[in-house]
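Asker: Sharing final_17.tsv here; it has TSV, C-alpha atoms.
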chain	number	residue	atom	x	y	z
A	1	MET	CA	-46.05	20.75	54.94
A	2	HIS	CA	-44.67	22.78	52.05
A	3	ARG	CA	-41.62	21.46	50.25
A	4	MET	CA	-38.44	23.29	51.24
A	5	ARG	CA	-37.26	25.82	48.69
A	6	GLY	CA	-34.38	24.44	46.62
A	7	GLU	CA	-35.16	20.83	47.55
A	8	TRP	CA	-34.48	18.29	44.78
A	9	SER	CA	-37.54	16.54	43.42
A	10	TRP	CA	-38.15	13.40	41.39
A	11	THR	CA	-41.44	14.77	40.05
A	12	ARG	CA	-40.22	18.00	38.47
A	13	GLY	CA	-38.44	18.26	35.12
A	14	ARG	CA	-40.05	15.34	33.32
A	15	ALA	CA	-39.99	17.25	30.03
A	16	LEU	CA	-36.25	17.87	30.54
A	17	ALA	CA	-35.73	14.19	31.22
A	18	ALA	CA	-37.64	13.29	28.04
A	19	SER	CA	-35.49	15.71	26.05
A	20	ALA	CA	-32.35	14.08	27.43
A	21	VAL	CA	-33.60	10.61	26.50
A	22	LEU	CA	-34.51	11.83	23.00
A	23	THR	CA	-31.03	13.33	22.55
A	24	ALA	CA	-29.44	10.05	23.63
A	25	ALA	CA	-31.67	8.13	21.23
A	26	LEU	CA	-30.76	10.37	18.29
A	27	LEU	CA	-27.07	9.94	19.07
A	28	ALA	CA	-27.23	6.17	19.53
A	29	PHE	CA	-29.75	5.35	16.80
A	30	HIS	CA	-29.18	8.08	14.22
A	31	SER	CA	-29.13	5.48	11.47
A	32	ALA	CA	-32.78	4.74	12.27
A	33	VAL	CA	-33.82	8.25	11.23
A	34	PRO	CA	-35.39	7.79	7.77
A	35	ASN	CA	-33.64	9.15	4.72
A	36	ALA	CA	-36.23	8.56	2.05
A	37	VAL	CA	-37.75	12.05	1.71
A	38	GLY	CA	-35.49	15.07	2.13
A	39	ARG	CA	-32.70	12.95	3.63
A	40	PRO	CA	-33.17	14.08	7.25
A	41	GLY	CA	-30.95	11.22	8.39
A	42	SER	CA	-27.98	12.52	6.44
A	43	LEU	CA	-28.67	16.05	7.67
A	44	LEU	CA	-28.64	14.87	11.28
A	45	GLU	CA	-25.46	12.88	10.73
A	46	ALA	CA	-23.70	15.82	9.11
A	47	PHE	CA	-23.79	17.63	12.46
A	48	LEU	CA	-24.03	14.65	14.82
A	49	PRO	CA	-21.25	15.69	17.25
A	50	TRP	CA	-23.08	18.96	17.91
A	51	LEU	CA	-25.89	17.09	19.64
A	52	GLY	CA	-23.47	16.95	22.53
A	53	THR	CA	-24.02	20.66	23.12
A	54	ALA	CA	-27.46	19.75	24.46
A	55	VAL	CA	-25.85	18.00	27.44
A	56	PRO	CA	-24.55	21.06	29.34
A	57	VAL	CA	-27.76	22.96	28.52
A	58	LEU	CA	-29.97	20.17	29.88
A	59	ALA	CA	-27.70	19.71	32.89
A	60	GLY	CA	-27.92	23.41	33.70
A	61	LEU	CA	-31.71	23.37	33.43
A	62	ALA	CA	-31.91	20.27	35.62
A	63	LEU	CA	-29.82	22.03	38.25
A	64	TRP	CA	-31.97	25.17	38.02
A	65	ARG	CA	-35.17	23.14	38.39
A	66	ARG	CA	-33.64	20.93	41.08
A	67	SER	CA	-34.94	17.95	39.11
A	68	ALA	CA	-33.36	14.67	40.16
A	69	THR	CA	-35.13	12.87	37.30
A	70	ALA	CA	-33.65	15.20	34.67
A	71	ALA	CA	-30.20	15.12	36.30
A	72	VAL	CA	-30.12	11.33	36.05
A	73	ALA	CA	-31.50	11.35	32.51
A	74	VAL	CA	-28.83	13.79	31.29
A	75	ALA	CA	-26.23	11.12	32.04
A	76	LEU	CA	-27.60	9.10	29.09
A	77	PRO	CA	-26.68	11.48	26.21
A	78	ALA	CA	-23.44	12.35	28.01
A	79	ALA	CA	-22.45	8.68	28.08
A	80	VAL	CA	-23.47	8.03	24.47
A	81	TRP	CA	-21.63	11.12	23.18
A	82	THR	CA	-18.51	10.14	25.09
A	83	TYR	CA	-18.67	6.63	23.64
A	84	LEU	CA	-19.07	7.92	20.07
A	85	PHE	CA	-16.73	10.91	20.08
A	86	GLY	CA	-14.82	11.09	23.33
A	87	GLY	CA	-11.93	9.00	22.01
A	88	LEU	CA	-11.33	11.55	19.25
A	89	LEU	CA	-10.39	14.10	21.91
A	90	LEU	CA	-7.68	11.97	23.50
A	91	PRO	CA	-4.04	12.94	22.86
A	92	ALA	CA	-2.57	11.38	19.74
A	93	GLU	CA	0.44	9.13	20.00
A	94	ARG	CA	3.54	10.45	18.30
A	95	ALA	CA	5.73	8.00	16.42
A	96	ALA	CA	8.52	8.24	13.88
A	97	GLY	CA	7.88	6.92	10.40
A	98	ASP	CA	4.34	8.20	9.94
A	99	LEU	CA	3.42	9.63	6.57
A	100	VAL	CA	1.96	13.13	6.84
A	101	ALA	CA	-0.73	14.08	4.33
A	102	VAL	CA	-2.43	17.45	3.85
A	103	GLN	CA	-5.86	17.81	2.27
A	104	HIS	CA	-7.20	21.19	1.17
A	105	ASN	CA	-10.00	22.55	-0.97
A	106	VAL	CA	-8.14	25.71	-1.97
A	107	SER	CA	-11.27	27.43	-3.41
A	108	ASP	CA	-11.52	28.57	-7.00
A	109	GLU	CA	-11.85	32.14	-5.65
A	110	ASN	CA	-8.70	32.04	-3.52
A	111	PRO	CA	-7.02	35.46	-3.81
A	112	ASP	CA	-3.59	34.20	-2.67
A	113	PRO	CA	-2.68	30.80	-4.15
A	114	ALA	CA	1.05	31.39	-3.56
A	115	GLY	CA	0.50	32.11	0.12
A	116	THR	CA	-1.79	29.10	0.39
A	117	ALA	CA	0.84	26.83	-1.16
A	118	ARG	CA	3.52	28.10	1.22
A	119	ALA	CA	1.23	27.59	4.21
A	120	LEU	CA	0.54	23.98	3.24
A	121	ALA	CA	4.22	23.22	2.63
A	122	ALA	CA	5.05	24.69	6.05
A	123	ALA	CA	3.37	21.67	7.66
A	124	SER	CA	6.11	19.48	6.04
A	125	PRO	CA	3.79	16.80	4.68
A	126	GLU	CA	4.87	14.11	2.26
A	127	LEU	CA	1.61	14.38	0.31
A	128	ILE	CA	-0.55	17.39	-0.54
A	129	ALA	CA	-3.95	16.99	-2.19
A	130	LEU	CA	-5.73	20.02	-3.61
A	131	GLU	CA	-9.22	20.60	-5.01
A	132	GLU	CA	-10.81	23.47	-6.94
A	133	LEU	CA	-7.64	24.15	-8.91
A	134	THR	CA	-8.22	26.69	-11.68
A	135	PRO	CA	-6.20	27.09	-14.89
A	136	ALA	CA	-4.98	30.49	-13.65
A	137	ALA	CA	-3.94	29.31	-10.16
A	138	LEU	CA	-2.46	25.92	-11.11
A	139	PRO	CA	0.89	27.28	-12.37
A	140	VAL	CA	1.26	29.22	-9.11
A	141	TYR	CA	0.77	26.13	-6.96
A	142	ALA	CA	3.10	24.13	-9.18
A	143	SER	CA	5.81	26.77	-9.02
A	144	VAL	CA	5.71	27.29	-5.25
A	145	LEU	CA	5.59	23.58	-4.44
A	146	ALA	CA	8.09	22.42	-7.08
A	147	ALA	CA	11.24	22.54	-4.95
A	148	ASP	CA	9.94	20.39	-2.09
A	149	TYR	CA	7.42	18.35	-4.08
A	150	PRO	CA	9.04	17.38	-7.38
A	151	HIS	CA	6.33	14.86	-8.25
A	152	HIS	CA	2.82	15.98	-9.02
A	153	ALA	CA	-0.24	15.03	-11.05
A	154	VAL	CA	-3.36	16.95	-11.97
A	155	GLU	CA	-6.66	15.72	-13.38
A	156	GLY	CA	-9.24	18.40	-14.03
A	157	THR	CA	-9.60	20.47	-10.87
A	158	VAL	CA	-7.85	18.10	-8.43
A	159	GLY	CA	-4.14	17.57	-7.93
A	160	LEU	CA	-1.59	15.62	-5.90
A	161	TRP	CA	1.89	16.81	-4.92
A	162	SER	CA	4.35	14.32	-3.49
A	163	LYS	CA	7.88	14.04	-2.19
A	164	TYR	CA	7.92	10.50	-3.56
A	165	PRO	CA	7.64	9.29	-7.17
A	166	LEU	CA	4.20	8.91	-8.70
A	167	THR	CA	3.35	6.12	-11.14
A	168	ASP	CA	0.24	4.78	-12.84
A	169	VAL	CA	-1.56	8.12	-12.63
A	170	ARG	CA	-5.02	8.02	-14.12
A	171	HIS	CA	-8.34	9.80	-14.20
A	172	LEU	CA	-10.87	8.63	-11.63
A	173	ASP	CA	-14.39	8.73	-13.03
A	174	ILE	CA	-16.75	9.76	-10.21
A	175	ARG	CA	-19.04	11.94	-12.35
A	176	PRO	CA	-22.75	11.46	-11.52
A	177	ARG	CA	-25.36	11.19	-14.24
A	178	GLY	CA	-26.65	14.50	-15.51
A	179	ILE	CA	-23.38	16.40	-15.00
A	180	GLY	CA	-21.50	17.51	-18.10
A	181	GLU	CA	-18.43	15.74	-19.43
A	182	GLY	CA	-16.14	18.61	-18.46
A	183	TRP	CA	-16.65	17.73	-14.80
A	184	ASN	CA	-13.39	16.03	-13.76
A	185	ARG	CA	-12.77	15.84	-10.03
A	186	GLY	CA	-10.92	12.62	-9.31
A	187	LEU	CA	-7.51	11.03	-9.77
A	188	ARG	CA	-5.71	7.88	-8.71
A	189	SER	CA	-1.94	7.44	-8.44
A	190	SER	CA	0.54	4.96	-7.06
A	191	VAL	CA	3.09	6.51	-4.70
A	192	ARG	CA	6.43	4.82	-4.03
A	193	THR	CA	6.89	5.60	-0.33
A	194	PRO	CA	9.69	4.28	1.92
A	195	HIS	CA	7.00	2.10	3.51
A	196	GLY	CA	5.93	0.51	0.25
A	197	GLU	CA	3.70	1.30	-2.69
A	198	VAL	CA	0.51	3.14	-1.79
A	199	ALA	CA	-2.52	3.89	-3.95
A	200	VAL	CA	-3.53	7.50	-3.35
A	201	TYR	CA	-6.95	8.74	-4.40
A	202	VAL	CA	-7.86	12.43	-4.60
A	203	ALA	CA	-11.55	13.20	-4.95
A	204	HIS	CA	-13.94	16.13	-4.79
A	205	LEU	CA	-17.53	14.96	-4.52
A	206	PRO	CA	-20.48	17.16	-5.55
A	207	SER	CA	-21.79	19.73	-3.12
A	208	VAL	CA	-24.96	19.22	-1.10
A	209	ARG	CA	-27.77	21.75	-0.85
A	210	LEU	CA	-30.19	22.48	1.97
A	211	GLY	CA	-33.51	23.81	0.69
A	212	VAL	CA	-37.28	23.51	0.92
A	213	SER	CA	-37.07	19.96	-0.44
A	214	GLY	CA	-34.65	18.91	2.28
A	215	PHE	CA	-31.00	17.89	2.25
A	216	GLY	CA	-30.06	17.67	-1.43
A	217	SER	CA	-27.29	15.08	-1.52
A	218	GLY	CA	-28.32	12.88	-4.44
A	219	PRO	CA	-25.42	13.67	-6.82
A	220	ARG	CA	-22.94	13.47	-3.96
A	221	ASP	CA	-24.28	10.09	-2.89
A	222	GLU	CA	-24.08	8.78	-6.46
A	223	SER	CA	-20.52	10.02	-6.78
A	224	ALA	CA	-19.67	8.38	-3.44
A	225	GLY	CA	-20.92	5.10	-4.82
A	226	LEU	CA	-18.57	5.37	-7.80
A	227	LEU	CA	-15.66	6.29	-5.55
A	228	GLY	CA	-16.38	3.41	-3.19
A	229	ALA	CA	-16.48	0.96	-6.10
A	230	ALA	CA	-13.11	2.23	-7.35
A	231	VAL	CA	-11.53	1.79	-3.93
A	232	ALA	CA	-13.01	-1.70	-3.63
A	233	ALA	CA	-11.47	-2.65	-6.98
A	234	GLU	CA	-8.02	-1.23	-6.12
A	235	ARG	CA	-5.32	-3.88	-6.56
A	236	LEU	CA	-2.87	-2.43	-4.04
A	237	ASP	CA	-3.40	-3.38	-0.42
A	238	THR	CA	-2.75	0.11	0.93
A	239	VAL	CA	-5.00	3.00	-0.04
A	240	VAL	CA	-5.00	6.59	1.19
A	241	LEU	CA	-8.00	8.68	0.18
A	242	LEU	CA	-7.70	12.46	0.31
A	243	GLY	CA	-10.53	14.75	-0.64
A	244	ASP	CA	-13.36	17.13	-0.10
A	245	LEU	CA	-16.16	14.60	0.20
A	246	ASN	CA	-18.81	17.20	1.06
A	247	GLY	CA	-19.89	15.04	3.99
A	248	THR	CA	-18.78	13.80	7.37
A	249	VAL	CA	-17.71	10.25	8.15
A	250	ASP	CA	-20.99	9.76	10.05
A	251	ASP	CA	-23.15	10.65	7.02
A	252	ARG	CA	-24.71	7.48	5.64
A	253	GLY	CA	-24.54	8.97	2.14
A	254	LEU	CA	-20.80	8.33	2.22
A	255	ALA	CA	-21.20	4.72	3.40
A	256	PRO	CA	-19.98	3.28	0.05
A	257	VAL	CA	-16.66	4.98	0.85
A	258	THR	CA	-16.45	4.89	4.64
A	259	SER	CA	-17.30	1.18	4.70
A	260	ARG	CA	-14.07	0.51	2.80
A	261	VAL	CA	-11.60	2.96	4.37
A	262	GLY	CA	-10.96	3.82	7.99
A	263	ALA	CA	-11.43	7.23	9.61
A	264	PRO	CA	-8.91	9.01	11.87
A	265	ARG	CA	-8.59	7.67	15.39
A	266	ARG	CA	-8.00	11.07	16.96
A	267	GLY	CA	-9.18	14.59	16.21
A	268	LEU	CA	-12.43	16.30	15.27
A	269	ALA	CA	-10.78	18.83	12.93
A	270	PHE	CA	-13.88	20.67	11.71
A	271	SER	CA	-12.82	22.17	8.39
A	272	TRP	CA	-15.86	23.96	6.96
A	273	PRO	CA	-16.73	26.77	6.73
A	274	ALA	CA	-13.40	28.36	7.55
A	275	ALA	CA	-14.99	31.37	9.27
A	276	PHE	CA	-16.83	29.15	11.77
A	277	PRO	CA	-16.09	25.44	11.22
A	278	VAL	CA	-18.98	23.15	12.11
A	279	ALA	CA	-18.11	19.95	10.21
A	280	ARG	CA	-15.16	18.07	8.79
A	281	ILE	CA	-16.00	17.46	5.16
A	282	ASP	CA	-12.31	17.36	4.14
A	283	GLN	CA	-11.18	13.81	4.73
A	284	VAL	CA	-8.08	11.67	5.03
A	285	LEU	CA	-9.12	8.01	5.09
A	286	ALA	CA	-7.15	4.80	4.61
A	287	ARG	CA	-7.24	1.07	3.93
A	288	GLY	CA	-4.30	-1.14	4.92
A	289	ALA	CA	-3.05	1.79	7.00
A	290	THR	CA	-4.11	3.72	10.09
A	291	VAL	CA	-4.97	7.40	10.11
A	292	ARG	CA	-3.62	8.08	13.59
A	293	ASP	CA	-4.88	11.63	13.93
A	294	VAL	CA	-6.16	14.63	12.00
A	295	ARG	CA	-5.92	18.33	12.78
A	296	THR	CA	-6.71	21.60	11.07
A	297	LEU	CA	-4.06	24.01	9.83
A	298	PRO	CA	-4.32	27.82	9.91
A	299	ALA	CA	-6.80	29.45	7.55
A	300	THR	CA	-5.76	30.31	4.00
A	301	GLY	CA	-7.60	32.27	1.32
A	302	SER	CA	-10.13	29.42	1.04
A	303	ASP	CA	-13.54	28.91	2.59
A	304	HIS	CA	-12.21	25.56	3.89
A	305	LEU	CA	-9.52	24.97	6.48
A	306	PRO	CA	-6.69	22.64	5.47
A	307	VAL	CA	-6.44	19.37	7.39
A	308	ALA	CA	-3.25	17.44	8.13
A	309	ALA	CA	-3.20	13.77	9.08
A	310	ARG	CA	-0.54	11.32	10.23
A	311	VAL	CA	-0.86	7.94	8.55
A	312	ARG	CA	0.83	4.76	9.74
A	313	ILE	CA	1.34	2.51	6.72
A	314	GLY	CA	0.71	-1.17	7.28
A	315	ARG	CA	0.91	-1.06	11.08
A	316	PRO	CA	-1.65	-0.28	13.82
Go ahead and express the file in the form of structure tokens.
Answerer:
Amino acid sequence: MHRMRGEWSWTRGRALAASAVLTAALLAFHSAVPNAVGRPGSLLEAFLPWLGTAVPVLAGLALWRRSATAAVAVALPAAVWTYLFGGLLLPAERAAGDLVAVQHNVSDENPDPAGTARALAAASPELIALEELTPAALPVYASVLAADYPHHAVEGTVGLWSKYPLTDVRHLDIRPRGIGEGWNRGLRSSVRTPHGEVAVYVAHLPSVRLGVSGFGSGPRDESAGLLGAAVAAERLDTVVLLGDLNGTVDDRGLAPVTSRVGAPRRGLAFSWPAAFPVARIDQVLARGATVRDVRTLPATGSDHLPVAARVRIGRP
């Protein structure tokens, strides 16, 4: 007797089922992907949430093939993705007293620094961290932000604007070996907030490159090690790190940093590239505080989107 057309089968779709199991394995055990040559592990982790897009595709193919085996197997990557990232999509709790921080790589080719500054201030944050400041654009940012942010500090191409007083501002040395001495992309400052003194770090780690030799993240990883060591040595209990880290929080290359400061509890907030964001490489991370949520702000003249985060100091 011939099988009825459209009948579900346990024998069809084994390749689909294998693909679903492989997707689940990559999600669950991404740290097992080797990183020795070409850093494929870091490349996978840079876009890890996007593996979830395989789930609806595999589910649709399982339905089309009427494959019971594939349909059951697709539940595996769906469950793993939900465990890893589903919580980020839940609504954020709103509470008074949170500190709002904005992080933005403004781009050294930004054609409208004044408009960018006004857009960032419109989010009413207490802290604004900027990277890729140029000598020509810096006075514009300082002028536009001066009224609402009377306290600011700049080291090289990174800056911090604050509604609260800044003290103990100093250069943060995160320069990898082989990069010239004019490379200055880190600062550290104490901020006297109503919730207590907070150490705020602003950092811009080196860019990564994808080429024939693989995922070129060596200088970034070295810089991340220096940044992580500085955070570990910080004397204040509460630390807020703002910066373009040129990596996601899942990327093992940033482990020296992400092992010491916590990521946002809510929000994906893909920030780069601005035209079609696929990853959040602009980060707001904290120690002794909770980054309750992160979101993107409207596009500016930069190739990054700004991100805004609500930080609860000293309380869960």
Asker: What lies within 12 Å of Leu76 of chain A using all atoms listed in the file, ignoring chain neighbours under 2 positions off, as a short mmCIF file (atom, residue, chain, number, x, y, z; two decimals) with C-alpha atoms, in the coordinates of the input?
Answerer:
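That gives us around.cif:
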data_model
loop_
_atom_site.label_atom_id
_atom_site.label_comp_id
_atom_site.auth_asym_id
_atom_site.auth_seq_id
_atom_site.Cartn_x
_atom_site.Cartn_y
_atom_site.Cartn_z
CA ALA A 17 -35.73 14.19 31.22
CA ALA A 18 -37.64 13.29 28.04
CA SER A 19 -35.49 15.71 26.05
CA ALA A 20 -32.35 14.08 27.43
CA VAL A 21 -33.60 10.61 26.50
CA LEU A 22 -34.51 11.83 23.00
CA THR A 23 -31.03 13.33 22.55
CA ALA A 24 -29.44 10.05 23.63
CA ALA A 25 -31.67 8.13 21.23
CA LEU A 26 -30.76 10.37 18.29
CA LEU A 27 -27.07 9.94 19.07
CA ALA A 28 -27.23 6.17 19.53
CA GLY A 52 -23.47 16.95 22.53
CA ALA A 54 -27.46 19.75 24.46
CA VAL A 55 -25.85 18.00 27.44
CA LEU A 58 -29.97 20.17 29.88
CA ALA A 59 -27.70 19.71 32.89
CA THR A 69 -35.13 12.87 37.30
CA ALA A 70 -33.65 15.20 34.67
CA ALA A 71 -30.20 15.12 36.30
CA VAL A 72 -30.12 11.33 36.05
CA ALA A 73 -31.50 11.35 32.51
CA VAL A 74 -28.83 13.79 31.29
CA ALA A 78 -23.44 12.35 28.01
CA ALA A 79 -22.45 8.68 28.08
CA VAL A 80 -23.47 8.03 24.47
CA TRP A 81 -21.63 11.12 23.18
CA THR A 82 -18.51 10.14 25.09
CA TYR A 83 -18.67 6.63 23.64
#
Asker: What lies within 7 Å of segment 161-163 of chain A using all atoms listed in the file, ignoring chain neighbours under 2 positions off, as a list of chain:residue names?
Answerer: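 Contacts, in chain order: A:Glu126, A:Leu127, A:Ile128, A:Ala129, A:Asp148, A:Tyr149, A:Pro150, A:His151, A:His152, A:Ala153, A:Gly159, A:Pro165.
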Asker: Could you save the residues just selected, with C-alpha atoms, as a short mmCIF file (atom, residue, chain, number, x, y, z; two decimals), in the frame of the given file?
Answerer:
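This is the output file selection_31.cif:
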data_model
loop_
_atom_site.label_atom_id
_atom_site.label_comp_id
_atom_site.auth_asym_id
_atom_site.auth_seq_id
_atom_site.Cartn_x
_atom_site.Cartn_y
_atom_site.Cartn_z
CA GLU A 126 4.87 14.11 2.26
CA LEU A 127 1.61 14.38 0.31
CA ILE A 128 -0.55 17.39 -0.54
CA ALA A 129 -3.95 16.99 -2.19
CA ASP A 148 9.94 20.39 -2.09
CA TYR A 149 7.42 18.35 -4.08
CA PRO A 150 9.04 17.38 -7.38
CA HIS A 151 6.33 14.86 -8.25
CA HIS A 152 2.82 15.98 -9.02
CA ALA A 153 -0.24 15.03 -11.05
CA GLY A 159 -4.14 17.57 -7.93
CA PRO A 165 7.64 9.29 -7.17
#
Asker: Have a look at A:Gly301, A:Pro91, A:Pro77, A:Gly196 and name the one nearest to Gly115 of chain A; count only C-alpha atoms.
Answerer: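 Between A:Gly301, A:Pro91, A:Pro77, A:Gly196, the residue approaching Gly115 of chain A most closely is A:Gly301.
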Asker: For Arg220 of chain A, work out the shell of residues within 8 Å, counting only C-alpha atoms and skipping chain neighbours fewer than 6 positions away, then give it as a list in words.
Answerer: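 Counting only the stated atoms, we get Pro176, Leu205, Pro206, Ser207, Val208, Asn246 and Gly253 of chain A.
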Asker: In Å to one decimal, how far is atom CA of Arg118 of chain A from atom CA of Pro264 of chain A?
Answerer: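 Separation between atom CA of Pro264 of chain A and atom CA of Arg118 of chain A: 25.1 Å.
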Asker: Expressed in Å to a single decimal, how great is the separation between atom CA of Gly262 of chain A and atom CA of Ile281 of chain A?
Answerer: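 That distance, rounded to one decimal, is 14.8 Å.
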Asker: Would you mind reading off the distance between atom CA of Arg295 of chain A and atom CA of Ala308 of chain A, one decimal, in Å?
Answerer: 5.4 Å
Asker: With all atoms listed in the file as the basis for distance, which of A:Asp244, A:Glu197, A:Asp250, A:Asp221 is at the shortest distance from Phe47 of chain A?
Answerer: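 Nearest to Phe47 of chain A: A:Asp250.
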Asker: Gln103 of chain A: which residues within 9 Å, counting all atoms listed in the file, same-chain residues fewer than 2 positions away excluded, as a ChimeraX atom specification?
Answerer: /A:101,105,120,127-131,202,242-244,282-284,306-309
Asker: For Val57 of chain A, which of A:Leu16, A:Val239, A:Ala230, A:Arg280 is the closest residue, counting all atoms listed in the file?
Answerer: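 Distance minimum relative to Val57 of chain A lands on A:Leu16.
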Asker: Can you list, as a compact mmCIF listing (two decimals) with C-alpha atoms, keeping the file's coordinate frame, every protein, DNA or RNA residue that comes within 6 Å of Phe270 of chain A when you count all atoms listed in the file, leaving out same-chain residues fewer than 3 positions away?
Answerer:
# COMPACT_ATOMS: atom_id res chain seq x y z
CA PRO A 277 -16.09 25.44 11.22
CA VAL A 278 -18.98 23.15 12.11
CA ALA A 279 -18.11 19.95 10.21
CA ARG A 280 -15.16 18.07 8.79
Asker: When distances are computed from only C-alpha atoms, which of A:Pro194, A:Gly178, A:Gly86, A:Gly38 shows the smallest separation from Glu222 of chain A?
Answerer: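 For Glu222 of chain A, the nearest of the given residues is A:Gly178.
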Asker: For Asp98 of chain A, which residue among A:Thr296, A:Phe215, A:Pro125, A:Leu48 is the nearest when counting only C-alpha atoms?
Answerer: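 Among A:Thr296, A:Phe215, A:Pro125, A:Leu48, it is A:Pro125 that comes nearest to Asp98 of chain A.
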